[in-house]
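First comes the structure, then the notes that go with it.
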Amino acid sequence: NYYNRDIYDIQVDVNTTIVRIFSFENEENGFQKLKHTIRQKIVYTYIPDDDQSDLPSFDGVDRVGKSNTIAYSINTILTGKFLEDKNTYTRDLVYLDISQSYDINEATRDYTSPIDKRKPFSDVTAELILKPFWWMTVTARGQYDVYDNWLERYDESLSLSDKRGDSLGATHRYIRNDIEYLEAWARIKATESIDLTYRNRYSYNSNEKIETDYG
């Protein structure tokens with residue numbers, strides 16, 4: 001038998017970018033300029049609720065779900081320009097992205113019971129990356145539930161590296177009602193072709209080390 005499925009979708013993307021550059025009168029090595037970039041984005045997506053009951057179903061991919069959502073985000077980046085021994089280079093010092101979506105279908109659906117509540121807003125998702133020095137990176141990511149007013153998940157990490165290729169770092173990760181652990185790792189560049197690695201993970205759920213790797 002031959003089955004055919006035709007479903008249209010509509011997506012509208014609107015975004016703006018604002019850039020401003022700050023110059024510093026510094027003829028010596030070091031910080032020369034700072035570029036601040038702000039991006040704002042709104043995406044509307046519509047997929048109709050099409051009857052697909054006559055089609056075979058093998059897994060979740062076989063069904064295209066309806067959608068009527070507005071996703072919006074704001075992104076800001078601070079980029080530094082540096083001078084070192086008559087050579088210039090750039091580095092993103094700060095990266096911040098915040099996003100959320102609004103489900104129109106959920107906002108307009110019928111209530112299923114007297115205590116039913118509509119929840120059209122998604123979790124707020126945020127990501128922050130800091131690189132104050134070329135050898136240091138700090139990252140933080142989180143997902144906040146706007147209805148229960150708590151963090152669903154988050155993780156933060158710190159990594160340090162040198163120009164030879166050595167690096168070390170630590171990551172803390174939390175998922176509500178699931179896991180929480182701290183992981184530390186290190187990599188040593190022994191030779192051009194050989195790296196020595198170490199990784200250790202500590203679980204806050206069981207208060208014990210749960211994984212140690214050497215390589």
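FYI, nothing fancy with the structure tokens labels: chains A, B, ... in order, residues from 1 per chain, ligands from 1 as they appear.
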Show me, as CSV, the residues of region 145-175 of chain A having an atom within 6 Å of region 127-137 of chain A, each with the closest atom pair and its distance in Å, using only C-alpha atoms.
```
residue,atom,partner,partner_atom,distance
A:Leu158,CA,A:Thr137,CA,5.9
A:Ser159,CA,A:Thr137,CA,5.3
A:Leu160,CA,A:Met136,CA,4.7
A:Ser161,CA,A:Trp135,CA,5.0
A:Asp162,CA,A:Trp135,CA,6.0
```
I'd like the neighbourhood of Ile38 (chain A) as a CSV table (one decimal) with N, CA and C atoms, in the first residue's frame, where a residue qualifies if any of its atoms comes within 12 Å (using only C-alpha atoms), though same-chain residues fewer than 3 positions away should be ignored.
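To be explicit, this is the file written out as around.csv:
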```
chain,number,residue,atom,x,y,z
A,15,ASN,N,14.0,39.4,13.4
A,15,ASN,CA,15.1,39.6,14.4
A,15,ASN,C,15.7,41.0,14.1
A,16,THR,N,16.4,41.5,15.1
A,16,THR,CA,17.1,42.8,15.0
A,16,THR,C,18.4,42.6,15.6
A,17,THR,N,19.4,43.4,15.1
A,17,THR,CA,20.8,43.4,15.7
A,17,THR,C,21.2,44.8,15.9
A,18,ILE,N,21.7,45.1,17.1
A,18,ILE,CA,22.2,46.4,17.5
A,18,ILE,C,23.7,46.2,17.9
A,19,VAL,N,24.5,47.0,17.3
A,19,VAL,CA,26.0,46.9,17.6
A,19,VAL,C,26.5,48.3,17.9
A,20,ARG,N,27.3,48.4,19.0
A,20,ARG,CA,28.0,49.6,19.3
A,20,ARG,C,29.4,49.3,19.7
A,21,ILE,N,30.4,50.1,19.2
A,21,ILE,CA,31.8,49.8,19.5
A,21,ILE,C,32.4,51.0,20.3
A,35,LYS,N,33.2,45.7,21.6
A,35,LYS,CA,32.0,45.7,20.8
A,35,LYS,C,30.9,45.1,21.6
A,41,LYS,N,15.1,38.3,18.9
A,41,LYS,CA,14.5,37.4,17.9
A,41,LYS,C,13.1,36.9,18.3
A,73,SER,N,13.6,35.5,22.1
A,73,SER,CA,14.9,35.4,22.8
A,73,SER,C,15.7,36.7,22.7
A,74,ILE,N,16.6,36.9,23.6
A,74,ILE,CA,17.5,38.1,23.5
A,74,ILE,C,18.9,37.6,23.8
A,75,ASN,N,19.8,38.1,23.0
A,75,ASN,CA,21.2,37.6,23.1
A,75,ASN,C,22.1,38.8,23.1
A,76,THR,N,23.1,38.8,24.0
A,76,THR,CA,24.0,39.9,24.1
A,76,THR,C,25.4,39.4,24.2
A,77,ILE,N,26.4,40.0,23.5
A,77,ILE,CA,27.8,39.6,23.4
A,77,ILE,C,28.7,40.8,23.6
A,78,LEU,N,29.6,40.7,24.5
A,78,LEU,CA,30.7,41.7,24.6
A,78,LEU,C,32.0,41.1,24.0
A,79,THR,N,32.5,41.7,23.0
A,79,THR,CA,33.7,41.2,22.3
A,79,THR,C,34.8,42.2,22.5
A,94,VAL,N,31.9,38.2,27.2
A,94,VAL,CA,30.6,37.8,27.8
A,94,VAL,C,29.7,37.4,26.7
A,95,TYR,N,29.0,36.3,26.9
A,95,TYR,CA,27.9,35.8,26.1
A,95,TYR,C,26.7,35.5,26.9
A,96,LEU,N,25.6,36.1,26.7
A,96,LEU,CA,24.4,35.8,27.4
A,96,LEU,C,23.2,35.6,26.5
A,97,ASP,N,22.4,34.5,26.7
A,97,ASP,CA,21.3,34.3,25.9
A,97,ASP,C,20.1,33.8,26.8
A,98,ILE,N,19.0,34.5,26.6
A,98,ILE,CA,17.8,34.2,27.4
A,98,ILE,C,16.6,33.9,26.4
```
Within 6 Å of region 181-195 of chain A using only C-alpha atoms, minus same-chain residues under 4 positions, as a PyMOL selection string: chain A and resi 165-173+199-204
So that I have them on file, write out the residues from the current selection with N, CA, C and O atoms, as an mmCIF file, in the first residue's frame.
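Heads up, here's the output in out_8.cif:
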```
data_model
loop_
_atom_site.group_PDB
_atom_site.id
_atom_site.type_symbol
_atom_site.label_atom_id
_atom_site.label_comp_id
_atom_site.auth_asym_id
_atom_site.auth_seq_id
_atom_site.Cartn_x
_atom_site.Cartn_y
_atom_site.Cartn_z
ATOM 1 N N GLY A 165 48.519 23.145 25.778
ATOM 2 C CA GLY A 165 47.454 22.169 25.585
ATOM 3 C C GLY A 165 46.990 21.502 26.860
ATOM 4 O O GLY A 165 46.082 20.672 26.840
ATOM 5 N N ASP A 166 47.603 21.871 28.003
ATOM 6 C CA ASP A 166 47.153 21.346 29.293
ATOM 7 C C ASP A 166 45.850 22.039 29.689
ATOM 8 O O ASP A 166 45.640 23.225 29.392
ATOM 9 N N SER A 167 44.989 21.320 30.408
ATOM 10 C CA SER A 167 43.735 21.925 30.849
ATOM 11 C C SER A 167 43.209 21.197 32.075
ATOM 12 O O SER A 167 43.520 20.028 32.310
ATOM 13 N N LEU A 168 42.405 21.901 32.846
ATOM 14 C CA LEU A 168 41.718 21.296 33.983
ATOM 15 C C LEU A 168 40.432 22.063 34.224
ATOM 16 O O LEU A 168 40.279 23.209 33.798
ATOM 17 N N GLY A 169 39.498 21.408 34.902
ATOM 18 C CA GLY A 169 38.225 22.078 35.126
ATOM 19 C C GLY A 169 37.322 21.298 36.062
ATOM 20 O O GLY A 169 37.645 20.202 36.517
ATOM 21 N N ALA A 170 36.164 21.893 36.325
ATOM 22 C CA ALA A 170 35.168 21.278 37.199
ATOM 23 C C ALA A 170 33.781 21.687 36.724
ATOM 24 O O ALA A 170 33.589 22.810 36.238
ATOM 25 N N THR A 171 32.828 20.775 36.877
ATOM 26 C CA THR A 171 31.449 21.019 36.477
ATOM 27 C C THR A 171 30.498 20.548 37.576
ATOM 28 O O THR A 171 30.670 19.451 38.118
ATOM 29 N N HIS A 172 29.518 21.385 37.890
ATOM 30 C CA HIS A 172 28.463 21.004 38.829
ATOM 31 C C HIS A 172 27.149 20.971 38.064
ATOM 32 O O HIS A 172 26.801 21.931 37.375
ATOM 33 N N ARG A 173 26.416 19.863 38.166
ATOM 34 C CA ARG A 173 25.159 19.717 37.418
ATOM 35 C C ARG A 173 24.036 19.278 38.345
ATOM 36 O O ARG A 173 24.229 18.432 39.230
ATOM 37 N N ARG A 199 39.544 11.957 35.347
ATOM 38 C CA ARG A 199 38.182 12.459 35.572
ATOM 39 C C ARG A 199 37.597 11.778 36.793
ATOM 40 O O ARG A 199 37.715 10.563 36.958
ATOM 41 N N ASN A 200 36.959 12.575 37.649
ATOM 42 C CA ASN A 200 36.352 12.044 38.865
ATOM 43 C C ASN A 200 34.973 12.672 39.049
ATOM 44 O O ASN A 200 34.827 13.892 38.928
ATOM 45 N N ARG A 201 33.979 11.842 39.335
ATOM 46 C CA ARG A 201 32.609 12.339 39.517
ATOM 47 C C ARG A 201 32.102 11.959 40.913
ATOM 48 O O ARG A 201 32.185 10.796 41.320
ATOM 49 N N TYR A 202 31.577 12.965 41.618
ATOM 50 C CA TYR A 202 31.028 12.761 42.966
ATOM 51 C C TYR A 202 29.534 13.009 42.952
ATOM 52 O O TYR A 202 29.074 14.051 42.475
ATOM 53 N N SER A 203 28.758 12.074 43.471
ATOM 54 C CA SER A 203 27.300 12.193 43.488
ATOM 55 C C SER A 203 26.825 12.759 44.820
ATOM 56 O O SER A 203 27.172 12.229 45.885
ATOM 57 N N TYR A 204 26.021 13.830 44.742
ATOM 58 C CA TYR A 204 25.403 14.375 45.946
ATOM 59 C C TYR A 204 24.168 13.567 46.342
ATOM 60 O O TYR A 204 23.728 13.651 47.490
#
```
Secondary structure check, strand (DSSP E or B) residues of chain A, as a PyMOL selection string: chain A and resi 10-23+30-47+67-84+87-103+121+124-130+136-145+150-161+167-175+179-189+195-203+208-214
